[in-house]
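Shown next: entry02.tsv, containing TSV, C-alpha atoms.
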```tsv
chain	number	residue	atom	x	y	z
B	1	MET	CA	86.44	-48.36	24.45
B	2	ASN	CA	85.11	-50.01	27.61
B	3	HIS	CA	86.14	-48.47	30.89
B	4	ARG	CA	84.71	-48.77	34.31
B	5	ILE	CA	82.52	-45.70	34.78
B	6	ILE	CA	80.50	-44.93	37.89
B	7	THR	CA	77.33	-42.94	37.28
B	8	ILE	CA	75.64	-41.36	40.27
B	9	SER	CA	72.02	-40.28	40.07
B	10	ARG	CA	70.79	-38.61	43.21
B	11	GLN	CA	67.92	-36.93	44.92
B	12	PHE	CA	68.46	-33.27	45.74
B	13	GLY	CA	69.98	-33.01	49.23
B	14	SER	CA	70.87	-36.70	49.50
B	15	GLY	CA	74.60	-35.99	49.35
B	16	GLY	CA	75.06	-37.95	46.11
B	17	ARG	CA	77.50	-35.38	44.77
B	18	THR	CA	79.64	-35.46	47.92
B	19	ILE	CA	79.62	-39.26	47.86
B	20	GLY	CA	80.61	-39.28	44.18
B	21	LYS	CA	83.51	-36.90	44.78
B	22	GLU	CA	84.79	-38.96	47.72
B	23	VAL	CA	84.55	-42.20	45.73
B	24	ALA	CA	86.52	-40.64	42.86
B	25	LEU	CA	89.13	-39.35	45.29
B	26	LYS	CA	89.55	-42.79	46.87
B	27	LEU	CA	89.82	-44.46	43.48
B	28	GLY	CA	92.12	-41.80	42.03
B	29	ILE	CA	89.85	-41.11	39.05
B	30	PRO	CA	88.20	-37.85	37.95
B	31	CYS	CA	84.72	-36.84	39.02
B	32	TYR	CA	82.57	-34.84	36.60
B	33	ASP	CA	79.78	-32.76	38.00
B	34	HIS	CA	79.72	-28.97	37.59
B	35	GLU	CA	82.54	-29.34	35.05
B	36	LEU	CA	80.03	-30.88	32.67
B	37	ILE	CA	78.00	-27.67	32.45
B	38	GLU	CA	81.02	-25.80	31.10
B	39	MET	CA	81.58	-28.56	28.56
B	40	PHE	CA	77.92	-28.52	27.48
B	41	ALA	CA	78.19	-24.76	27.01
B	42	LYS	CA	81.22	-25.15	24.75
B	43	GLU	CA	79.59	-27.97	22.79
B	44	SER	CA	76.22	-26.27	22.32
B	45	GLY	CA	77.06	-22.57	22.23
B	46	PHE	CA	74.50	-21.83	24.98
B	47	SER	CA	75.35	-20.05	28.21
B	48	GLU	CA	76.13	-22.05	31.33
B	49	GLU	CA	73.24	-20.33	33.10
B	50	TYR	CA	70.75	-21.39	30.46
B	51	ILE	CA	72.03	-24.96	30.53
B	52	LYS	CA	71.75	-25.16	34.31
B	53	SER	CA	68.10	-24.17	34.10
B	54	SER	CA	67.30	-26.48	31.21
B	55	SER	CA	66.83	-29.52	33.40
B	56	GLU	CA	64.61	-27.58	35.77
B	57	GLN	CA	61.99	-26.31	33.37
B	58	THR	CA	59.10	-27.12	35.63
B	59	LYS	CA	60.25	-24.50	38.12
B	60	ARG	CA	62.18	-22.04	36.03
B	61	GLN	CA	62.31	-18.65	37.76
B	62	GLY	CA	62.68	-15.01	36.80
B	63	LEU	CA	62.98	-13.39	33.37
B	64	LEU	CA	63.64	-16.63	31.53
B	65	SER	CA	60.54	-18.03	33.18
B	66	SER	CA	58.26	-15.36	31.82
B	67	ILE	CA	59.78	-15.53	28.36
B	68	LEU	CA	59.41	-19.28	28.18
B	69	ALA	CA	56.20	-19.56	30.17
B	70	ASP	CA	54.24	-20.75	27.17
B	71	ARG	CA	56.64	-23.33	25.89
B	72	THR	CA	56.84	-23.00	22.14
B	73	TYR	CA	57.89	-25.50	19.52
B	74	ASP	CA	61.26	-23.70	19.35
B	75	THR	CA	61.81	-24.26	23.08
B	76	HIS	CA	61.41	-27.97	22.63
B	77	ILE	CA	63.86	-27.95	19.71
B	78	THR	CA	66.37	-26.05	21.87
B	79	GLU	CA	65.97	-28.54	24.70
B	80	ASP	CA	66.38	-31.49	22.36
B	81	PHE	CA	69.47	-29.86	20.84
B	82	LEU	CA	70.91	-29.42	24.34
B	83	TRP	CA	70.14	-33.05	25.12
B	84	GLU	CA	72.13	-34.12	22.05
B	85	ALA	CA	75.05	-31.90	23.12
B	86	GLN	CA	74.86	-33.36	26.62
B	87	LYS	CA	74.92	-36.92	25.25
B	88	LYS	CA	77.96	-36.14	23.11
B	89	VAL	CA	79.91	-34.54	25.98
B	90	ILE	CA	79.12	-37.41	28.36
B	91	MET	CA	80.12	-40.01	25.76
B	92	ASP	CA	83.39	-38.11	25.10
B	93	VAL	CA	84.16	-37.89	28.82
B	94	ALA	CA	83.51	-41.62	29.27
B	95	LYS	CA	85.77	-42.46	26.33
B	96	LYS	CA	88.67	-40.69	28.03
B	97	GLY	CA	88.84	-43.31	30.79
B	98	PRO	CA	87.49	-44.39	34.18
B	99	CYS	CA	85.60	-41.66	36.04
B	100	VAL	CA	82.63	-40.80	38.21
B	101	ILE	CA	79.82	-38.83	36.55
B	102	VAL	CA	77.21	-37.18	38.76
B	103	GLY	CA	73.71	-36.58	37.39
B	104	ARG	CA	72.68	-35.53	33.87
B	105	CYS	CA	71.16	-38.93	32.97
B	106	ALA	CA	74.66	-40.36	32.45
B	107	ASP	CA	73.39	-43.76	33.64
B	108	PHE	CA	70.96	-43.86	30.71
B	109	ILE	CA	73.30	-42.28	28.15
B	110	LEU	CA	76.18	-44.70	28.79
B	111	GLU	CA	74.48	-47.97	29.71
B	112	ASN	CA	74.73	-49.66	26.30
B	113	ASP	CA	78.24	-48.63	25.31
B	114	PHE	CA	80.28	-48.64	28.51
B	115	ASP	CA	80.96	-50.89	31.44
B	116	CYS	CA	79.11	-48.81	34.03
B	117	LEU	CA	78.22	-49.18	37.65
B	118	SER	CA	75.01	-47.17	38.01
B	119	VAL	CA	74.25	-45.87	41.49
B	120	TYR	CA	71.18	-44.08	42.84
B	121	ILE	CA	71.51	-42.13	46.10
B	122	HIS	CA	68.35	-41.20	47.99
B	123	ALA	CA	67.31	-40.19	51.50
B	124	ASP	CA	64.15	-39.28	53.37
B	125	LYS	CA	62.78	-35.77	52.92
B	126	SER	CA	63.45	-34.49	56.43
B	127	SER	CA	67.16	-35.34	56.35
B	128	ARG	CA	67.47	-33.81	52.87
B	129	ALA	CA	65.69	-30.67	54.06
B	130	LYS	CA	68.17	-30.35	56.93
B	131	ARG	CA	71.11	-30.93	54.63
B	132	ILE	CA	70.22	-28.38	51.95
B	133	VAL	CA	69.99	-25.65	54.58
B	134	GLU	CA	73.42	-26.65	55.93
B	135	VAL	CA	75.00	-26.82	52.48
B	136	TYR	CA	73.18	-24.16	50.44
B	137	GLY	CA	71.82	-21.94	53.21
B	138	GLU	CA	68.33	-20.53	53.74
B	139	ARG	CA	66.19	-19.32	50.80
B	140	LYS	CA	62.85	-17.59	50.47
B	141	ASP	CA	61.11	-20.94	49.98
B	142	THR	CA	61.08	-23.51	52.79
B	143	PRO	CA	63.57	-26.38	52.40
B	144	GLU	CA	60.62	-28.77	51.99
B	145	LYS	CA	59.28	-26.75	49.06
B	146	ARG	CA	62.74	-26.50	47.47
B	147	ILE	CA	63.08	-30.28	47.69
B	148	SER	CA	59.63	-30.90	46.32
B	149	ASP	CA	60.26	-28.54	43.36
B	150	LYS	CA	63.65	-30.11	42.54
B	151	ASP	CA	62.26	-33.64	42.83
B	152	LYS	CA	59.46	-32.77	40.41
B	153	ALA	CA	61.86	-31.11	37.98
B	154	ARG	CA	64.40	-33.93	37.96
B	155	LYS	CA	61.64	-36.48	37.58
B	156	ALA	CA	60.11	-34.66	34.62
B	157	TYR	CA	63.47	-34.14	32.91
B	158	TYR	CA	64.59	-37.76	33.43
B	159	GLN	CA	61.26	-39.10	32.22
B	160	LYS	CA	61.22	-36.90	29.14
B	161	TYR	CA	64.55	-38.14	27.82
B	162	THR	CA	64.82	-41.65	29.20
B	163	LYS	CA	61.10	-42.64	29.16
B	164	ARG	CA	61.72	-44.08	32.61
B	165	VAL	CA	60.29	-43.35	36.02
B	166	TRP	CA	62.87	-41.52	38.12
B	167	GLY	CA	63.82	-43.43	41.26
B	168	ASN	CA	62.80	-46.89	40.10
B	169	ALA	CA	65.24	-49.36	41.75
B	170	GLU	CA	65.27	-51.59	38.66
B	171	ASP	CA	67.05	-48.95	36.59
B	172	PHE	CA	70.17	-48.93	38.78
B	173	ASP	CA	72.72	-51.55	39.78
B	174	ILE	CA	72.59	-50.32	43.35
B	175	SER	CA	70.46	-47.81	45.26
B	176	LEU	CA	71.47	-46.54	48.68
B	177	ASP	CA	69.77	-44.54	51.41
B	178	SER	CA	72.56	-42.16	52.37
B	179	HIS	CA	70.85	-41.02	55.58
B	180	LYS	CA	70.05	-44.48	56.92
B	181	LEU	CA	73.37	-46.08	55.90
B	182	GLY	CA	75.59	-43.02	56.32
B	183	PHE	CA	77.89	-41.37	53.75
B	184	ASP	CA	80.97	-43.39	54.78
B	185	THR	CA	79.18	-46.71	54.29
B	186	CYS	CA	77.87	-45.60	50.87
B	187	ILE	CA	81.38	-44.53	49.82
B	188	LYS	CA	82.86	-47.82	51.04
B	189	ILE	CA	80.26	-49.97	49.24
B	190	ILE	CA	80.65	-48.12	45.92
B	191	THR	CA	84.45	-48.06	46.12
B	192	GLU	CA	84.59	-51.78	46.86
B	193	LEU	CA	82.21	-52.57	44.00
B	194	TYR	CA	84.40	-50.80	41.49
M	1	MET	CA	62.15	-54.85	71.75
M	2	ASN	CA	64.53	-53.62	69.08
M	3	HIS	CA	66.54	-56.19	67.21
M	4	ARG	CA	68.36	-56.05	63.96
M	5	ILE	CA	65.99	-57.54	61.39
M	6	ILE	CA	66.78	-57.87	57.69
M	7	THR	CA	63.75	-57.70	55.41
M	8	ILE	CA	64.18	-58.84	51.84
M	9	SER	CA	61.69	-57.80	49.20
M	10	ARG	CA	62.40	-59.27	45.81
M	11	GLN	CA	61.28	-59.56	42.24
M	12	PHE	CA	60.22	-63.06	41.19
M	13	GLY	CA	63.27	-64.90	39.82
M	14	SER	CA	65.82	-62.41	41.16
M	15	GLY	CA	67.20	-64.90	43.69
M	16	GLY	CA	66.18	-62.76	46.67
M	17	ARG	CA	65.10	-65.79	48.65
M	18	THR	CA	68.42	-67.61	48.03
M	19	ILE	CA	70.34	-64.46	48.97
M	20	GLY	CA	68.27	-64.07	52.16
M	21	LYS	CA	68.88	-67.68	53.19
M	22	GLU	CA	72.65	-67.36	52.59
M	23	VAL	CA	72.83	-64.10	54.55
M	24	ALA	CA	70.99	-65.71	57.48
M	25	LEU	CA	73.31	-68.73	57.34
M	26	LYS	CA	76.40	-66.52	57.40
M	27	LEU	CA	75.03	-64.45	60.29
M	28	GLY	CA	73.78	-67.48	62.22
M	29	ILE	CA	70.23	-66.14	62.49
M	30	PRO	CA	66.95	-67.71	61.30
M	31	CYS	CA	65.45	-66.96	57.90
M	32	TYR	CA	61.65	-66.90	57.58
M	33	ASP	CA	60.18	-67.50	54.17
M	34	HIS	CA	57.89	-70.48	53.48
M	35	GLU	CA	57.71	-71.05	57.25
M	36	LEU	CA	55.61	-67.88	57.50
M	37	ILE	CA	52.78	-69.41	55.45
M	38	GLU	CA	52.38	-72.18	58.01
M	39	MET	CA	52.33	-69.59	60.80
M	40	PHE	CA	49.73	-67.45	58.95
M	41	ALA	CA	47.59	-70.57	58.55
M	42	LYS	CA	47.72	-71.30	62.29
M	43	GLU	CA	47.00	-67.66	63.16
M	44	SER	CA	44.13	-67.19	60.72
M	45	GLY	CA	42.58	-70.64	60.46
M	46	PHE	CA	42.82	-70.55	56.64
M	47	SER	CA	44.57	-73.25	54.62
M	48	GLU	CA	48.19	-72.75	53.53
M	49	GLU	CA	47.07	-73.09	49.90
M	50	TYR	CA	44.55	-70.29	50.23
M	51	ILE	CA	47.09	-68.05	51.93
M	52	LYS	CA	49.69	-68.66	49.23
M	53	SER	CA	47.21	-67.52	46.59
M	54	SER	CA	46.01	-64.51	48.57
M	55	SER	CA	48.89	-62.30	47.49
M	56	GLU	CA	48.44	-63.30	43.87
M	57	GLN	CA	44.79	-62.42	43.40
M	58	THR	CA	45.34	-60.80	40.06
M	59	LYS	CA	46.24	-64.14	38.51
M	60	ARG	CA	44.47	-66.69	40.67
M	61	GLN	CA	43.92	-69.94	38.75
M	62	GLY	CA	41.56	-72.92	38.87
M	63	LEU	CA	38.50	-73.56	41.02
M	64	LEU	CA	39.25	-70.81	43.51
M	65	SER	CA	39.56	-68.46	40.56
M	66	SER	CA	36.09	-69.17	39.28
M	67	ILE	CA	34.54	-68.99	42.74
M	68	LEU	CA	36.16	-65.66	43.49
M	69	ALA	CA	36.03	-64.26	39.96
M	70	ASP	CA	33.57	-61.57	40.94
M	71	ARG	CA	35.29	-60.35	44.04
M	72	THR	CA	32.65	-59.79	46.67
M	73	TYR	CA	32.66	-57.65	49.76
M	74	ASP	CA	33.31	-60.84	51.76
M	75	THR	CA	36.45	-61.57	49.74
M	76	HIS	CA	37.88	-58.18	50.62
M	77	ILE	CA	37.06	-58.75	54.29
M	78	THR	CA	38.83	-62.14	54.13
M	79	GLU	CA	41.90	-60.56	52.53
M	80	ASP	CA	41.99	-57.81	55.12
M	81	PHE	CA	41.62	-60.37	57.90
M	82	LEU	CA	44.55	-62.32	56.41
M	83	TRP	CA	46.59	-59.13	56.25
M	84	GLU	CA	46.00	-58.55	59.96
M	85	ALA	CA	47.03	-62.16	60.73
M	86	GLN	CA	50.13	-61.68	58.58
M	87	LYS	CA	51.06	-58.48	60.41
M	88	LYS	CA	50.66	-60.19	63.80
M	89	VAL	CA	52.80	-63.20	62.81
M	90	ILE	CA	55.56	-61.02	61.35
M	91	MET	CA	55.60	-58.78	64.44
M	92	ASP	CA	55.76	-61.87	66.69
M	93	VAL	CA	58.62	-63.35	64.67
M	94	ALA	CA	60.54	-60.07	64.81
M	95	LYS	CA	60.06	-59.84	68.58
M	96	LYS	CA	61.76	-63.23	69.02
M	97	GLY	CA	65.13	-61.83	67.92
M	98	PRO	CA	67.37	-61.04	64.95
M	99	CYS	CA	66.31	-62.76	61.71
M	100	VAL	CA	65.92	-62.44	57.96
M	101	ILE	CA	62.34	-62.19	56.66
M	102	VAL	CA	61.73	-62.72	52.94
M	103	GLY	CA	58.74	-61.05	51.27
M	104	ARG	CA	55.22	-60.51	52.67
M	105	CYS	CA	55.62	-56.73	53.07
M	106	ALA	CA	57.73	-57.27	56.19
M	107	ASP	CA	59.69	-54.10	55.34
M	108	PHE	CA	56.50	-52.04	55.66
M	109	ILE	CA	55.05	-53.94	58.63
M	110	LEU	CA	58.18	-53.61	60.78
M	111	GLU	CA	59.68	-50.27	59.80
M	112	ASN	CA	58.31	-48.20	62.67
M	113	ASP	CA	58.81	-50.64	65.53
M	114	PHE	CA	62.07	-52.45	64.80
M	115	ASP	CA	65.62	-51.67	63.83
M	116	CYS	CA	65.41	-53.03	60.27
M	117	LEU	CA	67.70	-53.14	57.29
M	118	SER	CA	65.31	-53.21	54.33
M	119	VAL	CA	66.68	-54.72	51.14
M	120	TYR	CA	65.18	-54.92	47.66
M	121	ILE	CA	66.60	-57.46	45.21
M	122	HIS	CA	65.87	-57.04	41.51
M	123	ALA	CA	67.26	-58.19	38.16
M	124	ASP	CA	66.53	-57.74	34.48
M	125	LYS	CA	63.71	-59.79	32.98
M	126	SER	CA	65.82	-62.05	30.78
M	127	SER	CA	68.05	-63.26	33.61
M	128	ARG	CA	64.98	-63.80	35.80
M	129	ALA	CA	63.28	-65.77	33.01
M	130	LYS	CA	66.34	-68.01	32.72
M	131	ARG	CA	66.52	-68.52	36.46
M	132	ILE	CA	62.87	-69.47	37.05
M	133	VAL	CA	63.16	-72.24	34.44
M	134	GLU	CA	66.32	-73.54	36.14
M	135	VAL	CA	64.80	-73.37	39.62
M	136	TYR	CA	61.10	-74.10	39.10
M	137	GLY	CA	61.17	-75.92	35.75
M	138	GLU	CA	59.09	-75.37	32.62
M	139	ARG	CA	55.37	-74.53	32.83
M	140	LYS	CA	52.56	-74.12	30.31
M	141	ASP	CA	53.11	-70.36	30.23
M	142	THR	CA	56.39	-68.93	28.94
M	143	PRO	CA	58.85	-67.77	31.63
M	144	GLU	CA	58.34	-64.19	30.41
M	145	LYS	CA	54.59	-64.43	30.97
M	146	ARG	CA	55.07	-66.05	34.39
M	147	ILE	CA	57.36	-63.19	35.40
M	148	SER	CA	55.02	-60.55	34.07
M	149	ASP	CA	52.04	-62.10	35.94
M	150	LYS	CA	53.97	-62.39	39.23
M	151	ASP	CA	55.31	-58.84	38.92
M	152	LYS	CA	51.79	-57.50	38.42
M	153	ALA	CA	50.40	-59.53	41.32
M	154	ARG	CA	53.13	-58.54	43.79
M	155	LYS	CA	52.84	-54.91	42.73
M	156	ALA	CA	49.06	-54.90	43.25
M	157	TYR	CA	49.28	-56.66	46.61
M	158	TYR	CA	52.08	-54.39	47.90
M	159	GLN	CA	50.28	-51.27	46.73
M	160	LYS	CA	46.95	-52.31	48.27
M	161	TYR	CA	48.33	-52.69	51.77
M	162	THR	CA	51.27	-50.29	51.86
M	163	LYS	CA	49.92	-47.53	49.54
M	164	ARG	CA	53.38	-47.51	47.99
M	165	VAL	CA	54.65	-48.19	44.51
M	166	TRP	CA	56.44	-51.55	44.46
M	167	GLY	CA	60.09	-51.24	43.44
M	168	ASN	CA	60.58	-47.59	44.36
M	169	ALA	CA	64.21	-47.24	45.52
M	170	GLU	CA	63.25	-44.68	48.17
M	171	ASP	CA	61.32	-47.26	50.18
M	172	PHE	CA	64.36	-49.44	50.87
M	173	ASP	CA	67.69	-48.86	52.60
M	174	ILE	CA	69.48	-50.65	49.79
M	175	SER	CA	68.44	-52.06	46.41
M	176	LEU	CA	70.67	-54.46	44.51
M	177	ASP	CA	70.69	-55.87	40.98
M	178	SER	CA	71.50	-59.53	41.70
M	179	HIS	CA	72.29	-60.34	38.06
M	180	LYS	CA	74.62	-57.42	37.45
M	181	LEU	CA	76.39	-57.58	40.83
M	182	GLY	CA	76.20	-61.35	41.35
M	183	PHE	CA	74.68	-63.25	44.28
M	184	ASP	CA	77.96	-63.47	46.22
M	185	THR	CA	78.47	-59.71	46.12
M	186	CYS	CA	74.88	-59.10	47.25
M	187	ILE	CA	75.32	-61.55	50.15
M	188	LYS	CA	78.61	-59.92	51.12
M	189	ILE	CA	77.20	-56.37	51.08
M	190	ILE	CA	74.11	-57.27	53.14
M	191	THR	CA	76.11	-59.35	55.63
M	192	GLU	CA	78.62	-56.55	56.12
M	193	LEU	CA	75.86	-53.98	56.59
M	194	TYR	CA	74.30	-55.99	59.41
```

Would you encode the structure as structure tokens?
Amino acid sequence: MNHRIITISRQFGSGGRTIGKEVALKLGIPCYDHELIEMFAKESGFSEEYIKSSSEQTKRQGLLSSILADRTYDTHITEDFLWEAQKKVIMDVAKKGPCVIVGRCADFILENDFDCLSVYIHADKSSRAKRIVEVYGERKDTPEKRISDKDKARKAYYQKYTKRVWGNAEDFDISLDSHKLGFDTCIKIITELY
Amino acid sequence: MNHRIITISRQFGSGGRTIGKEVALKLGIPCYDHELIEMFAKESGFSEEYIKSSSEQTKRQGLLSSILADRTYDTHITEDFLWEAQKKVIMDVAKKGPCVIVGRCADFILENDFDCLSVYIHADKSSRAKRIVEVYGERKDTPEKRISDKDKARKAYYQKYTKRVWGNAEDFDISLDSHKLGFDTCIKIITELY
């Protein structure tokens, strides 16, 4: 049942997803990222859109926001149900064989049952702000605000389900500053560690 | 004035000092660790013993402990004076040329003025407990308690002078789990990054 799985946790705009995809390509193993959302939807019966927003409760926007503004007991049950579906999908994916899994607390979900290399990718706020504009374009909010909102949301979600503080070096085998070291160096280090 | 300096911050028992010394040896550059205490003593006029204990205020033992138990205004002034001496010595050492500096908030002190690679070495508590008994021998306190006390003291000291949370991945270019990855791998990664 043990395979060598690489989990990549990353700050928004740090390029962790790009790094994960490149590592998987170099190693000739699959990379799961957006694909997971579709799998969670199938497993749970919820829409992909709802699932995408579920990890970003602290800044949910629009209609869903107003409906769920006062978070009821039912909301928490739904979230916990989704968390269980997410755990199952990630465990199933890991059982299939070596792969890279980006985000979704996979580091925490798999750490006791699989031979994992857990990676955390981070970068300073100004380089992330620059990158999200390049990659995702301009939005109504400033890039700094978008980063701050995402950081808060990921932190809250991670803490809720793992009881850990998001971004604590101790919780990962290796943490890398993608801006300071450069994407190529990060990819090389992770690939060689595999 | 810019040189390539490697700063190593480390959890007690993680082997960060050993890793730093090996990296320096491989690169043929000096490694400053215990040597710094002697330099701080010369710079400040305080004894080496007092300086060693100054970063571990939260668990100071013996006579000094009882004298300084109710920490006076003077004590804080002394600590701040020592911090200034420490900053000066570390800046002077860095100006001399490429080197490895272990501990003493060198990552924070040098980050704006020197081309630094800042490294954080950590490991899980049980492997650190095993290692401190092997390296430093048995003591009255259990290894777990010794680790917990040192962790608290380093955290408090780091936070007081840097206003940062000790062990936050974001504050370092690279963080490595020395137990999971192994000392040789850590040495190889840091040496290659230089």

Fill in: Interface list for chain B, partner chain M, 6 Å threshold, only C-alpha atoms, as a list in words
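Written out as asked, the residues are Gly167, Asn168, Ala169, Asp173, Ile174, Ser175, Leu176 and Asp177 of chain B.
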
Using the selection just defined, write its residues with C-alpha atoms as a PDB file, in the coordinates of the input.
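Saved as selection08.pdb:
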```
ATOM      1  CA  GLY B 167      63.820 -43.430  41.260  1.00  0.00           C
ATOM      2  CA  ASN B 168      62.800 -46.890  40.100  1.00  0.00           C
ATOM      3  CA  ALA B 169      65.240 -49.360  41.750  1.00  0.00           C
ATOM      4  CA  ASP B 173      72.720 -51.550  39.780  1.00  0.00           C
ATOM      5  CA  ILE B 174      72.590 -50.320  43.350  1.00  0.00           C
ATOM      6  CA  SER B 175      70.460 -47.810  45.260  1.00  0.00           C
ATOM      7  CA  LEU B 176      71.470 -46.540  48.680  1.00  0.00           C
ATOM      8  CA  ASP B 177      69.770 -44.540  51.410  1.00  0.00           C
TER       9      ASP B 177
END
```

Discussion item. So the first atom is atom CA of M:Gly137 and the second is atom CA of M:Ile101; what is the distance between them in Å, to one decimal place?
Written reply: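 Distance between the two atoms: 25.0 Å.
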
Practice prompt. Write out as a PyMOL selection string each polymer residue whose atoms come within 12 Å of M:Phe81, counting all atoms listed in the file; drop sequence neighbours fewer than 2 positions from it.
Written response: chain M and resi 40-41+43-46+51+54+74-79+83-88+161

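Minimum atom-to-atom distance to B:Thr191, evaluated using only C-alpha atoms, belongs to B:Leu27 out of B:Leu27, B:Met39, B:Val89, B:Ile19.
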
Worksheet item: Which value, in Å to one decimal, gives the distance between atom CA of B:Tyr136 and atom CA of B:Glu38?
Response: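 Value for the atom CA of B:Tyr136-atom CA of B:Glu38 distance: 20.9 Å.
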
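Atom CA of M:Ala129 sits 5.1 Å away from atom CA of M:Pro143.
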
Practice prompt. Excluding B:Pro30 and any residue of its chain fewer than 2 positions from it, enumerate the residues within 12 Å of it, using only C-alpha atoms, and give them as a PyMOL selection string.
Written response: chain B and resi 5-6+20-28+32-33+35-36+93-94+96-102

Worksheet entry | Given all atoms listed in the file as the counted atoms, nearest of B:Ser127, B:Ser148, B:Gln159, B:Ile90 to B:Gly182 |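 Once distances to B:Gly182 are computed over all atoms listed in the file, the minimum belongs to B:Ser127.
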
Worksheet entry | Within 8 Å of B:Arg128 using only C-alpha atoms, minus same-chain residues under 6 positions, as number ranges by chain | B: 12-14, 147

Practice prompt. Write out as a list of chain:residue names the residues lying within 10 Å of M:Arg164, counting all atoms listed in the file and excluding same-chain residues fewer than 6 positions away.
Written response: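 Answer for this query is M:Phe108, M:Lys155, M:Ala156, M:Tyr158, M:Asp171.
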
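Compared by their closest atoms to B:Leu82, and using all atoms listed in the file, the residues B:Asp107, B:Glu48, B:Asp115, B:Asp141 rank with B:Glu48 nearest.
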
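Closest approach to B:Cys105 among B:Arg10, B:Thr142, B:Gly15, B:Ser53: B:Arg10, based on all atoms listed in the file.
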
Report, as JSON, the centre and edge lengths in Å (one decimal) of the axis-aligned box enclosing every listed atom of stretch 145-154 of chain B, padded by 4 Å on each side.
```
{"center_x": 61.8, "center_y": -30.2, "center_z": 43.5, "size_x": 13.1, "size_y": 15.4, "size_z": 19.1}
```
